[in-house]
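In what follows, a single structure is set out as structure tokens and then discussed.
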There are 4 protein chains.
Amino acid sequence: MKEPVRVAVIGAGGIGQRHCQNLAQLIPGAELAGVADVDEEAARRAAAFGRGAVARRDYQDLLADASIPAVVIATPNNTHTGIIEEAAQAGKDIFCEKPIGLDLPSVDAALAAVARQGVKLQIGFQRRFDPAYRKAREAVAAGELGPVELVVATTRDPEPRTIEPIRKSGGMFVDSTIHDLDSIRYLTGLEVQEVYAAGSNLIIPEGAREYLVDTAVTFLRLETDALAAITNSWRAVYGYDVTIEVMGAAGKIAVGFEEHASVRRFTAQGVCHDHVYWFLERFGEAFVQELAHFVECVADGREPEVSGQDGRAALVLAEAAARSLRERRPVPIREIG
Amino acid sequence: MKEPVRVAVIGAGGIGQRHCQNLAQLIPGAELAGVADVDEEAARRAAAFGRGAVARRDYQDLLADASIPAVVIATPNNTHTGIIEEAAQAGKDIFCEKPIGLDLPSVDAALAAVARQGVKLQIGFQRRFDPAYRKAREAVAAGELGPVELVVATTRDPEPRTIEPIRKSGGMFVDSTIHDLDSIRYLTGLEVQEVYAAGSNLIIPEGAREYLVDTAVTFLRLETDALAAITNSWRAVYGYDVTIEVMGAAGKIAVGFEEHASVRRFTAQGVCHDHVYWFLERFGEAFVQELAHFVECVADGREPEVSGQDGRAALVLAEAAARSLRERRPVPIREIG
Amino acid sequence: MKEPVRVAVIGAGGIGQRHCQNLAQLIPGAELAGVADVDEEAARRAAAFGRGAVARRDYQDLLADASIPAVVIATPNNTHTGIIEEAAQAGKDIFCEKPIGLDLPSVDAALAAVARQGVKLQIGFQRRFDPAYRKAREAVAAGELGPVELVVATTRDPEPRTIEPIRKSGGMFVDSTIHDLDSIRYLTGLEVQEVYAAGSNLIIPEGAREYLVDTAVTFLRLETDALAAITNSWRAVYGYDVTIEVMGAAGKIAVGFEEHASVRRFTAQGVCHDHVYWFLERFGEAFVQELAHFVECVADGREPEVSGQDGRAALVLAEAAARSLRERRPVPIREIG
Amino acid sequence: MKEPVRVAVIGAGGIGQRHCQNLAQLIPGAELAGVADVDEEAARRAAAFGRGAVARRDYQDLLADASIPAVVIATPNNTHTGIIEEAAQAGKDIFCEKPIGLDLPSVDAALAAVARQGVKLQIGFQRRFDPAYRKAREAVAAGELGPVELVVATTRDPEPRTIEPIRKSGGMFVDSTIHDLDSIRYLTGLEVQEVYAAGSNLIIPEGAREYLVDTAVTFLRLETDALAAITNSWRAVYGYDVTIEVMGAAGKIAVGFEEHASVRRFTAQGVCHDHVYWFLERFGEAFVQELAHFVECVADGREPEVSGQDGRAALVLAEAAARSLRERRPVPIREIG
């Protein structure tokens, strides 16, 4: 066996904890070297997944550790670009949770630092590592569907957050729709020319003044004039609702995953099965696979499949959606960047 | 348009009423000419579906009516063979509900009368007219599955009957399993060489002494040594449960139909849909199609697809199952007839 | 039995033929009295479904026939309003295929004639008579889903038409999307405040100059700020693709119907089932039920459930979509009428 | 973190390799200490999953290693009981693949050794660790279905083996049906009173003389007179077909898992999805969970959930099935032991 890649995780919230556990337990080629979080207790809990992983309050301690070649950034969205820059400066290969950032100038600065230092950067669009999305992409790429004509995508979270975390995340387009935006680019292999978005505050009324909608529809015109429709919601009481279908001249492919355990109950009230409830249930394995891919790229000196440019491209679309929402008009992508 | 075929219905119980309505309303080539039932009020209700249909207490009045070339027999199972004989004597073409009878001597006498008079006889195995069963048969016949190896069939009624109607019907094998027995012959095109059956009284204990089981499993060895398993129950609280799968060397085909309306409800309790509840919901259209086929055969002088021999062959298997149940051993078909 | 209602059908194209057959064979309370079509041969073929139905070149002959109290209009879309006016003038109760017309002034004139003469008018939104749509509406109306938040609807035809019939039909919004628009009003019980639509010519390029798109996405803001997304296409090679899901605060309900016969084939290549291919397969029974409802309303002097105002309301939305497509902006409904 | 439990694996064939990988990579509380196989190269390949695991030709070397408290037995079926005895003698806790053995005398000797030495013994019925089976058992145990009445179970392997490995494995009942037999005991919580089995040689004719059938149906009468039907085959070209449904007085629960990736393809040929092809795809996670359970039991001094008595009870049923096949009669369990 090769020496494992020592990886540090910055940010020990929900998804950070999971990345720590995956690195420590499920990715043979990796070793959890350390965890940093301003909440030191959380850092300690996450570090305990690995043998010998250190816990730190200040992530700069980990960036300064020469025995650590790679970091995972799982901090709040508004801190991503700053930490990417610092990590690049420190010569670390970087895995950064989506979104890459909340505004283009800081993203471009971060990407410039990455390029300058020649480090690797992978963005956490984990759906690209789900077997169903992979198969769908392969089918499209192989021409099974003919030219793509229509895409319908859905991402709905099971439980509404409160306004404060929504505000911090940058809002629905940049935090949730961005998965659909990336999936559409990934599955179709096409770029977007125009975005129209509309939203409502049906669940969290206090977001309305700041355009922090909780329910949204987003339309895309792709470069070939194929069209796409996305619907999003912060609340789907039945569970995590993520589906996508791609239709082309020769057929359609649909990715779904509503059923959790493959058990159906037949009673006098009807036939029922459960629904996958949380993104870690739906994409748990994809989270392992994306990190395994990153660790392999670090070990082998290859470029990760999901690049910083992919992170930027999805952010551009999310910004276009946000502008469309505010200005109530379709927004050409070239306006944004 | 051709002159419609005038058809009389003998027996105005549940399924008789449905045959009357189908003849009067849904089969353009037929006319409901009359209905007979010892319950004259029931006969009148059924006759009212048609314009000008007469209602009679005594079915012999209808057999004597020269303007009526064809009859449907939907009386209790123990009266089928007697009425077939009389109707054949009267020169009528005959559609008879399953089972053709309850014992082989009387069946053979009825079939002899049919042959002697040269009238047509169709048995009401309506599943043969369901589009799903048709497609399955075509797939098997076309060799899509290769040689058949295993069949698994299920028929479960939603609501348990009381002992009296069960006793009159002849019991589960002859009244319910007989559909599976015929379906297996129909779908595979194979005859049976041996039957083993076991049963229990879990629902209607008073049937136990008479071997009137409410829950049963039946095993068939087909002529090619392919095997089949059937499960039956008088009670499936979730609805009418009828499925069959045929597996061969090159694949499997499965016929199911649990969902009634194509609506799914997603709530915090799970994802639910309804279940088809009653055989008239599941096979309503097949009941129309089988009668339409009979009416066409009468009009065109063709032999119906489901013959009296098919009715007899299924009864032989049901008798073998009943003997196996009583004698607790596998029963070779050649023992029966 | 009551005397059947004598109904004449105007227009003997595809759907007109079906209406004739349904009236003659499947609706006990109706009698096909006559058929009119400029193609007299088509009229004769359709009249042959009934006994004694007359075939005419000129529908005005049928409007002049005092023995006929009711008519079905199944002529090209651009002739609907004129014939409605004439039929109303002649005192006939009217069943008119969707769309009610192609422009609001003529629709308003037709509705005025209907009101003046006190005749009944039902519009052919047959989905309202499909059991799955009915159940979905009942669930929403009963509050099972809580307040509606998001709707996603799809209508895709299996085979692309040529430009000429598309032009005549008025185009996608008025001919196809109009079903989704009505379904959304029907299922949610909500009116629409704003429409945004985008379209492309990916299949039939020659429609582009006239805004006769073949692929479209339409967004609706409902009166409660709930949102809806519709996708349409003139070509879905796998079959007729009609689905709708309504999500609310307490759950989601989804209507689908992709499977035609309930048969699945398992082979080394995978597990496959067929797809409903044509709207008459999917909604065949709904077409019977809507006419049966109309015939009952005529017989009993009741108002049909799907009114002329429903026809007008859907047309208003289709016009808003068409304007949005041309002007590339969201269109408030109050602009249209 | 606790010190990991050092586990040795005896037998480095297909499933042994998987156990090695699971212990080394996916079970945090375990460490792969060593692997033994008469094929030393296979032992080395398997040992390479862990850091520091030794590879041995002779498993007795591992039994002699005092630093190893626990072993996994994944050797050919006919060697299980002998190695269980030796491992028990050596004081090791034991995880043994199913079946526990091929004949009752040797099983009873092995169980006596286990009892004498006070070591733990878990049998590898991995389905008990599948979330779907767990949920089904919980539903039954909670009384959701009422008293159990009927069970239908299926296990079909995708690819036929040749006669030699089949002969060595002990044949279908002891090697494949045994999973269904255990699942029925597990899900219903009921013991069996009688078995009837029939089989055919449709795929591997040379097995016929030795009663090594390739296609089988097995019927069980449970202690409450509930009935069960099992169908098995060595070849299902569409993939690994494992399902079970349990019906009771109040409803039915069904466990299935045919779909592999949640992708459906819609083309002009129909709607298709893939099928899970191999048992390691279907039960991969259950194999991890059963070993994790064993490792926890070893670490905490608890008794494993799947006992040696469970292994023996399933073998008794498999022997009854084999006797029934040979003697062509239902076999009461008390005859066997």
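Identifiers in this document derive from the order of the structure tokens: chains are assigned A, B, ..., residues are numbered from 1 separately in each chain, and ligands are numbered from 1 in order of occurrence.
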Requested in this report: Could you please tell me, as a list in words, which residues of chain C have an atom within 12 Å of chain D when using only C-alpha atoms?
Outcome: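 Contact residues on the first chain: Pro158, Glu159, Arg235, Ala236, Val237, Tyr238, Gly239, Tyr240, Asp241, Glu258, Glu259, His260, Ala261, Val263, Arg264, Arg265, Phe266, Thr267, Ala268, Gln269, Gly270, Val271, Cys272, His273, Asp274, His275, Val276 and Tyr277 of chain C.
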Requested in this report: Would you list the contacts of stretch 68-84 of chain C as JSON, numbers by chain, taking every protein, DNA or RNA residue within 8 Å and counting only C-alpha atoms, but skipping same-chain residues closer than 5 positions in sequence?
Outcome: {"C": [5, 6, 7, 8, 9, 10, 11, 12, 13, 15, 16, 19, 33, 62, 63, 91, 92, 93, 94, 95, 96, 97, 98, 99, 100, 101, 102, 106, 107, 109, 110, 114, 168, 169, 170, 298]}
Report task. Run DSSP on the backbone and grab whatever in stretch 101-271 of chain A lands in helix (DSSP H, G or I); send it over as a PyMOL selection string. Result -> chain A and resi 104-117+126-129+131-141+163-169+172-188+205-210
Requested in this report: Give me, please, the distance in Å between atom CA of A:Ala47 and atom CA of A:Ala24, quoted to one decimal.
Outcome: 8.8 Å
Query raised in the report: If you run DSSP on the backbone, which residues of stretch 48-230 of chain A are strand (DSSP E or B), as a ChimeraX atom specification?
Result: /A:54-56,70-73,93-96,121-123,148-156,192-200,215-222,227-230
**Report entry** Polymer residues at most 8 Å from B:Leu227, only C-alpha atoms, same-chain spacing of 4 or more positions, as a list in words
**Finding:**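 Listed by chain and then number, they are Glu149, Leu150, Val151, Phe219, Leu220, Arg221 and Leu222 of chain B; Gly199, Ser200, Thr215, Ala216 and Val217 of chain D.
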Report task. Just the residues within 12 Å of B:Arg161, please, counting only C-alpha atoms, with nothing from its chain fewer than 4 positions along; format it as JSON, numbers by chain. Result -> {"B": [157, 165, 166, 167, 168, 169, 171, 172, 203, 204, 207, 212, 213, 214, 233, 234, 235, 236]}
Go ahead and save the residues from that selection, with C-alpha atoms, as a PDB file, in the first residue's frame.
ATOM      1  CA  ASP B 157     -59.148 -11.863  -2.669  1.00  0.00           C
ATOM      2  CA  PRO B 165     -70.754 -19.442  -0.224  1.00  0.00           C
ATOM      3  CA  ILE B 166     -67.304 -21.046  -0.078  1.00  0.00           C
ATOM      4  CA  ARG B 167     -68.886 -24.471   0.326  1.00  0.00           C
ATOM      5  CA  LYS B 168     -71.224 -23.817  -2.580  1.00  0.00           C
ATOM      6  CA  SER B 169     -68.440 -22.554  -4.826  1.00  0.00           C
ATOM      7  CA  GLY B 171     -63.712 -24.258  -2.410  1.00  0.00           C
ATOM      8  CA  MET B 172     -60.547 -22.343  -3.118  1.00  0.00           C
ATOM      9  CA  ILE B 203     -59.260 -17.032   8.615  1.00  0.00           C
ATOM     10  CA  ILE B 204     -62.333 -19.252   8.505  1.00  0.00           C
ATOM     11  CA  GLY B 207     -63.889 -24.833   6.950  1.00  0.00           C
ATOM     12  CA  LEU B 212     -62.219 -25.767   2.740  1.00  0.00           C
ATOM     13  CA  VAL B 213     -58.931 -23.963   3.341  1.00  0.00           C
ATOM     14  CA  ASP B 214     -58.597 -20.170   3.224  1.00  0.00           C
ATOM     15  CA  SER B 233     -55.769 -16.404   0.202  1.00  0.00           C
ATOM     16  CA  TRP B 234     -59.360 -15.442   0.807  1.00  0.00           C
ATOM     17  CA  ARG B 235     -58.234 -12.250   2.535  1.00  0.00           C
ATOM     18  CA  ALA B 236     -55.781  -9.569   1.510  1.00  0.00           C
TER      19      ALA B 236
END
**Report entry** Computed interatomic separation between atom CA of B:Ala226 and atom CA of B:Leu187 (Å)
**Finding:**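 We find that atom CA of B:Ala226 and atom CA of B:Leu187 lie 13.0 Å from each other.
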